[in-house]
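> One structure coming up, written as structure tokens, with questions to follow.
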Amino acid sequence: MDELIVKYAKNQLELLKKIVERSEGVSLLIDGEDLSYQREISLALPEYVEKFPPKASDVLEIDPKGENIGIDEIRSIKDFLNYSPELYSRKYVIVHDCERMTQQAANAFLKTLEEPPEYAVIVLNTRHWHYLLPTIKSRVFRVSVRVPREFWETVKEKIGDLWKELPLLERDFSMALEAYKFGREKILSLLENVKSLGFDQLLKKVMGKGLEGYLACRELLERLSGVEPKEFFTLFDQVVNTVTGKDAFLLIQKMVRIVLHENVWEGVDDQKNVSFLDSILRVKTANLNTRITLMNVLIIHRKRKRGVHAWS
């Protein structure tokens, strides 16, 4: 368990611990604007309550990573909870992005929420409380969390002027924590490295996790907005032919977060773009044409960077 997470999330962890310890068969829902903060709290909770690191047989993590949560994942939860814990006094189920349950999965999950075993602790994470079924909302303890301001101030002080250059850090606790641990000089080195990569190498780095993946994605967006139209379409084809399937969906989501949070949106047309971009973060994968969606995201970004001369 990361000591820094415990330091900055101690109040929320203490609250969740009290709920768990006073309950039998409890279902928690953690919501807030920063999904990465919810994830870190949820993953830290079992060890925080039980006082020692978890064994895999006592903690089940469901992480759709941008995809849907289907009936198979719900069955795995039921199977996991059929047996009592081995080392812990409770078994923990952690479901990230719970709003991504299909209708069938959500309906199947209701019975587990209604009658969980007395040793069960079910933790759901979401950034979209209002999109959950009312029947799910009524069966959980809702706890809203927010990253403490002192954490952001600590990171700002550690990395200096890079805080303004990398605005997404202010909206992603996990990446900001990584930036704090890296420090300014290592981040500068990562920035130089991604800028020096060839396009093929850059596409491989883009799908990486954490801070390096974020920096690589920013660099990819810069190159796609900086080249002339003919080269843009050549590079675009290379992207869609190289990054496919689930990875394409995750890449689009990464790009959308950067485009959304690294621009200022003011006019009526801007608000339409914001609405479109935000909808991509909520969409189910089955409903997304990745090629067309990626092109639309890049059209918006290119116009933001180049104005009326975006395609001339």
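Every chain in the structure tokens takes a letter, A first, then B, and so on in the order presented; its residues are numbered from 1, and the ligands are numbered from 1 following the presented order.
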Could you pull the residues within 12 Å of stretch 264-276 of chain A, counting only C-alpha atoms, minus those fewer than 2 positions along the same chain, as JSON, numbers by chain?
{"A": [167, 256, 257, 258, 259, 260, 261, 262, 278, 279, 280, 281, 282, 283, 293, 296, 297, 298, 299, 300, 301, 303, 304, 305]}
> Do a neighbour search on A:Glu24 at 10 Å with only C-alpha atoms, toss out local chain neighbours closer than 3 positions, and write the hits as a PyMOL selection string.
chain A and resi 19-21+27+90+116-121
> Let me see the file: selected residues, C-alpha atoms, as a compact mmCIF listing (two decimals), in the first residue's frame.

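Once written, result.txt looks like this:
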# COMPACT_ATOMS: atom_id res chain seq x y z
CA ILE A 19 -18.66 1.68 7.25
CA VAL A 20 -17.06 -1.69 6.50
CA GLU A 21 -16.40 -2.55 10.14
CA SER A 27 -21.88 -2.40 -0.86
CA ARG A 90 -13.79 -10.31 4.48
CA PRO A 116 -24.36 -10.31 -0.42
CA PRO A 117 -22.66 -12.81 1.92
CA GLU A 118 -21.96 -11.35 5.37
CA TYR A 119 -18.21 -11.37 4.62
CA ALA A 120 -18.59 -9.46 1.32
CA VAL A 121 -17.40 -5.90 0.72
> I'd like to know which of A:Pro64, A:Glu115, A:Ser84, A:Ala56 is closest to A:Val26, using only C-alpha atoms.
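Comparing A:Pro64, A:Glu115, A:Ser84, A:Ala56 against A:Val26, the winner is A:Glu115.
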> Excluding stretch 125-139 of chain A and its own-chain neighbours fewer than 4 positions away, which residues fall within 10 Å of it when counting only C-alpha atoms? Please give them as a PyMOL selection string.
chain A and resi 26-39+41-42+94-101+103+106-107+109-110+113-115+143-144+282
> Which distance in Å separates atom CA of A:Gln12 and atom CA of A:Lys181, to one decimal?
22.2 Å
> Which residue is closest to A:Pro148? Choose from A:Ala9, A:Leu191, A:Leu251, A:Ile62 and count only C-alpha atoms.
A:Ala9
> Just asking: which residues within stretch 60-227 of chain A are strand (DSSP E or B) according to DSSP, as a VMD selection string?
chain A and resid 60 to 62 69 91 to 95 101 120 to 126 141 to 144
> Taking 5 positions as the minimum chain separation for residues in the same chain, which residues sit within 10 Å of A:Arg306 when counting only C-alpha atoms? Answer as a PyMOL selection string.
chain A and resi 225-226+301+311-312
> Here is a test: counting only C-alpha atoms, which residue of A:Leu203, A:Leu188, A:Asn263, A:Phe141 is nearest to A:Ile159?
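Nearest to A:Ile159: A:Leu188.
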> Using Å and a single decimal, report how far atom CA of A:Glu212 sits from atom CA of A:Phe173.
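Going from atom CA of A:Phe173 over to atom CA of A:Glu212, I get 14.8 Å.
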> Among stretch 29-188 of chain A, which ones does DSSP assign to alpha helix (DSSP H) (computed from the backbone)? Answer as JSON, numbers by chain.
{"A": [35, 36, 37, 38, 39, 40, 41, 42, 43, 44, 45, 46, 47, 48, 49, 50, 71, 72, 73, 74, 75, 76, 77, 78, 79, 80, 81, 103, 104, 105, 106, 107, 108, 109, 110, 111, 112, 113, 114, 134, 135, 136, 137, 149, 150, 151, 152, 153, 154, 155, 156, 157, 158, 159, 162, 163, 164, 165, 173, 174, 175, 176, 177, 178, 179, 180, 181, 182, 184, 185, 186, 187, 188]}
> What gap, in Å, lies between atom CA of A:Asp58 and atom CA of A:Ile77?
11.7 Å
> Under the rule that only C-alpha atoms are counted, which of A:Lys91, A:Gly160, A:Lys65, A:Glu185 is the nearest residue to A:Lys254?
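Using only C-alpha atoms, A:Lys254 sits closest to A:Lys65.
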> Which residues, written as a CSV table (one decimal) with N, CA, C and O atoms, in the first residue's frame, have at least one atom at most 12 Å from A:Pro53, with only C-alpha atoms counted and residues fewer than 2 positions away on the same chain left out?

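Below is the file around_20.csv, written as the result:
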chain,number,residue,atom,x,y,z
A,1,MET,N,0.9,-1.2,0.0
A,1,MET,CA,0.0,0.0,0.0
A,1,MET,C,0.9,1.2,0.0
A,1,MET,O,1.8,1.4,0.8
A,2,ASP,N,0.6,2.1,-0.9
A,2,ASP,CA,1.4,3.3,-1.1
A,2,ASP,C,1.2,4.3,0.1
A,2,ASP,O,0.1,4.7,0.4
A,43,LEU,N,-8.4,0.4,-4.1
A,43,LEU,CA,-7.4,-0.7,-4.1
A,43,LEU,C,-6.6,-0.6,-2.8
A,43,LEU,O,-6.1,-1.7,-2.3
A,44,ALA,N,-6.6,0.5,-2.1
A,44,ALA,CA,-5.9,0.6,-0.8
A,44,ALA,C,-6.8,0.1,0.3
A,44,ALA,O,-6.3,-0.3,1.4
A,45,LEU,N,-8.1,0.1,0.1
A,45,LEU,CA,-9.0,-0.1,1.2
A,45,LEU,C,-8.9,-1.5,1.9
A,45,LEU,O,-8.8,-1.6,3.1
A,46,PRO,N,-8.7,-2.6,1.1
A,46,PRO,CA,-8.6,-3.9,1.8
A,46,PRO,C,-7.5,-4.0,2.8
A,46,PRO,O,-7.6,-4.4,3.9
A,47,GLU,N,-6.3,-3.6,2.3
A,47,GLU,CA,-5.1,-3.6,3.2
A,47,GLU,C,-5.3,-2.6,4.4
A,47,GLU,O,-4.8,-2.9,5.5
A,48,TYR,N,-5.9,-1.5,4.1
A,48,TYR,CA,-6.1,-0.5,5.2
A,48,TYR,C,-7.0,-1.0,6.3
A,48,TYR,O,-6.8,-0.8,7.5
A,49,VAL,N,-8.1,-1.8,5.9
A,49,VAL,CA,-9.0,-2.3,6.9
A,49,VAL,C,-8.4,-3.6,7.6
A,49,VAL,O,-8.5,-3.7,8.8
A,50,GLU,N,-7.8,-4.4,6.8
A,50,GLU,CA,-7.3,-5.7,7.3
A,50,GLU,C,-5.9,-5.7,7.9
A,50,GLU,O,-5.5,-6.7,8.6
A,51,LYS,N,-5.2,-4.6,7.6
A,51,LYS,CA,-3.9,-4.4,8.3
A,51,LYS,C,-2.7,-5.2,7.7
A,51,LYS,O,-1.6,-5.1,8.2
A,55,LYS,N,-4.2,-11.3,-0.3
A,55,LYS,CA,-4.0,-12.4,-1.1
A,55,LYS,C,-5.0,-12.4,-2.2
A,55,LYS,O,-6.2,-12.0,-2.0
A,56,ALA,N,-4.6,-12.9,-3.4
A,56,ALA,CA,-5.5,-12.8,-4.6
A,56,ALA,C,-6.8,-13.4,-4.3
A,56,ALA,O,-7.9,-13.0,-4.9
A,57,SER,N,-6.9,-14.5,-3.5
A,57,SER,CA,-8.1,-15.2,-3.3
A,57,SER,C,-9.1,-14.4,-2.5
A,57,SER,O,-10.3,-14.7,-2.4
A,58,ASP,N,-8.7,-13.3,-1.9
A,58,ASP,CA,-9.6,-12.5,-1.0
A,58,ASP,C,-10.0,-11.1,-1.7
A,58,ASP,O,-10.8,-10.4,-1.1
A,59,VAL,N,-9.4,-10.8,-2.8
A,59,VAL,CA,-9.7,-9.5,-3.5
A,59,VAL,C,-9.9,-9.8,-5.0
A,59,VAL,O,-9.0,-10.3,-5.6
A,87,LEU,N,-7.6,-15.6,4.1
A,87,LEU,CA,-6.7,-14.9,5.1
A,87,LEU,C,-7.4,-13.7,5.8
A,87,LEU,O,-7.3,-13.5,7.0
A,88,TYR,N,-8.1,-12.9,4.9
A,88,TYR,CA,-8.8,-11.8,5.5
A,88,TYR,C,-10.1,-12.2,6.2
A,88,TYR,O,-10.5,-13.3,6.1
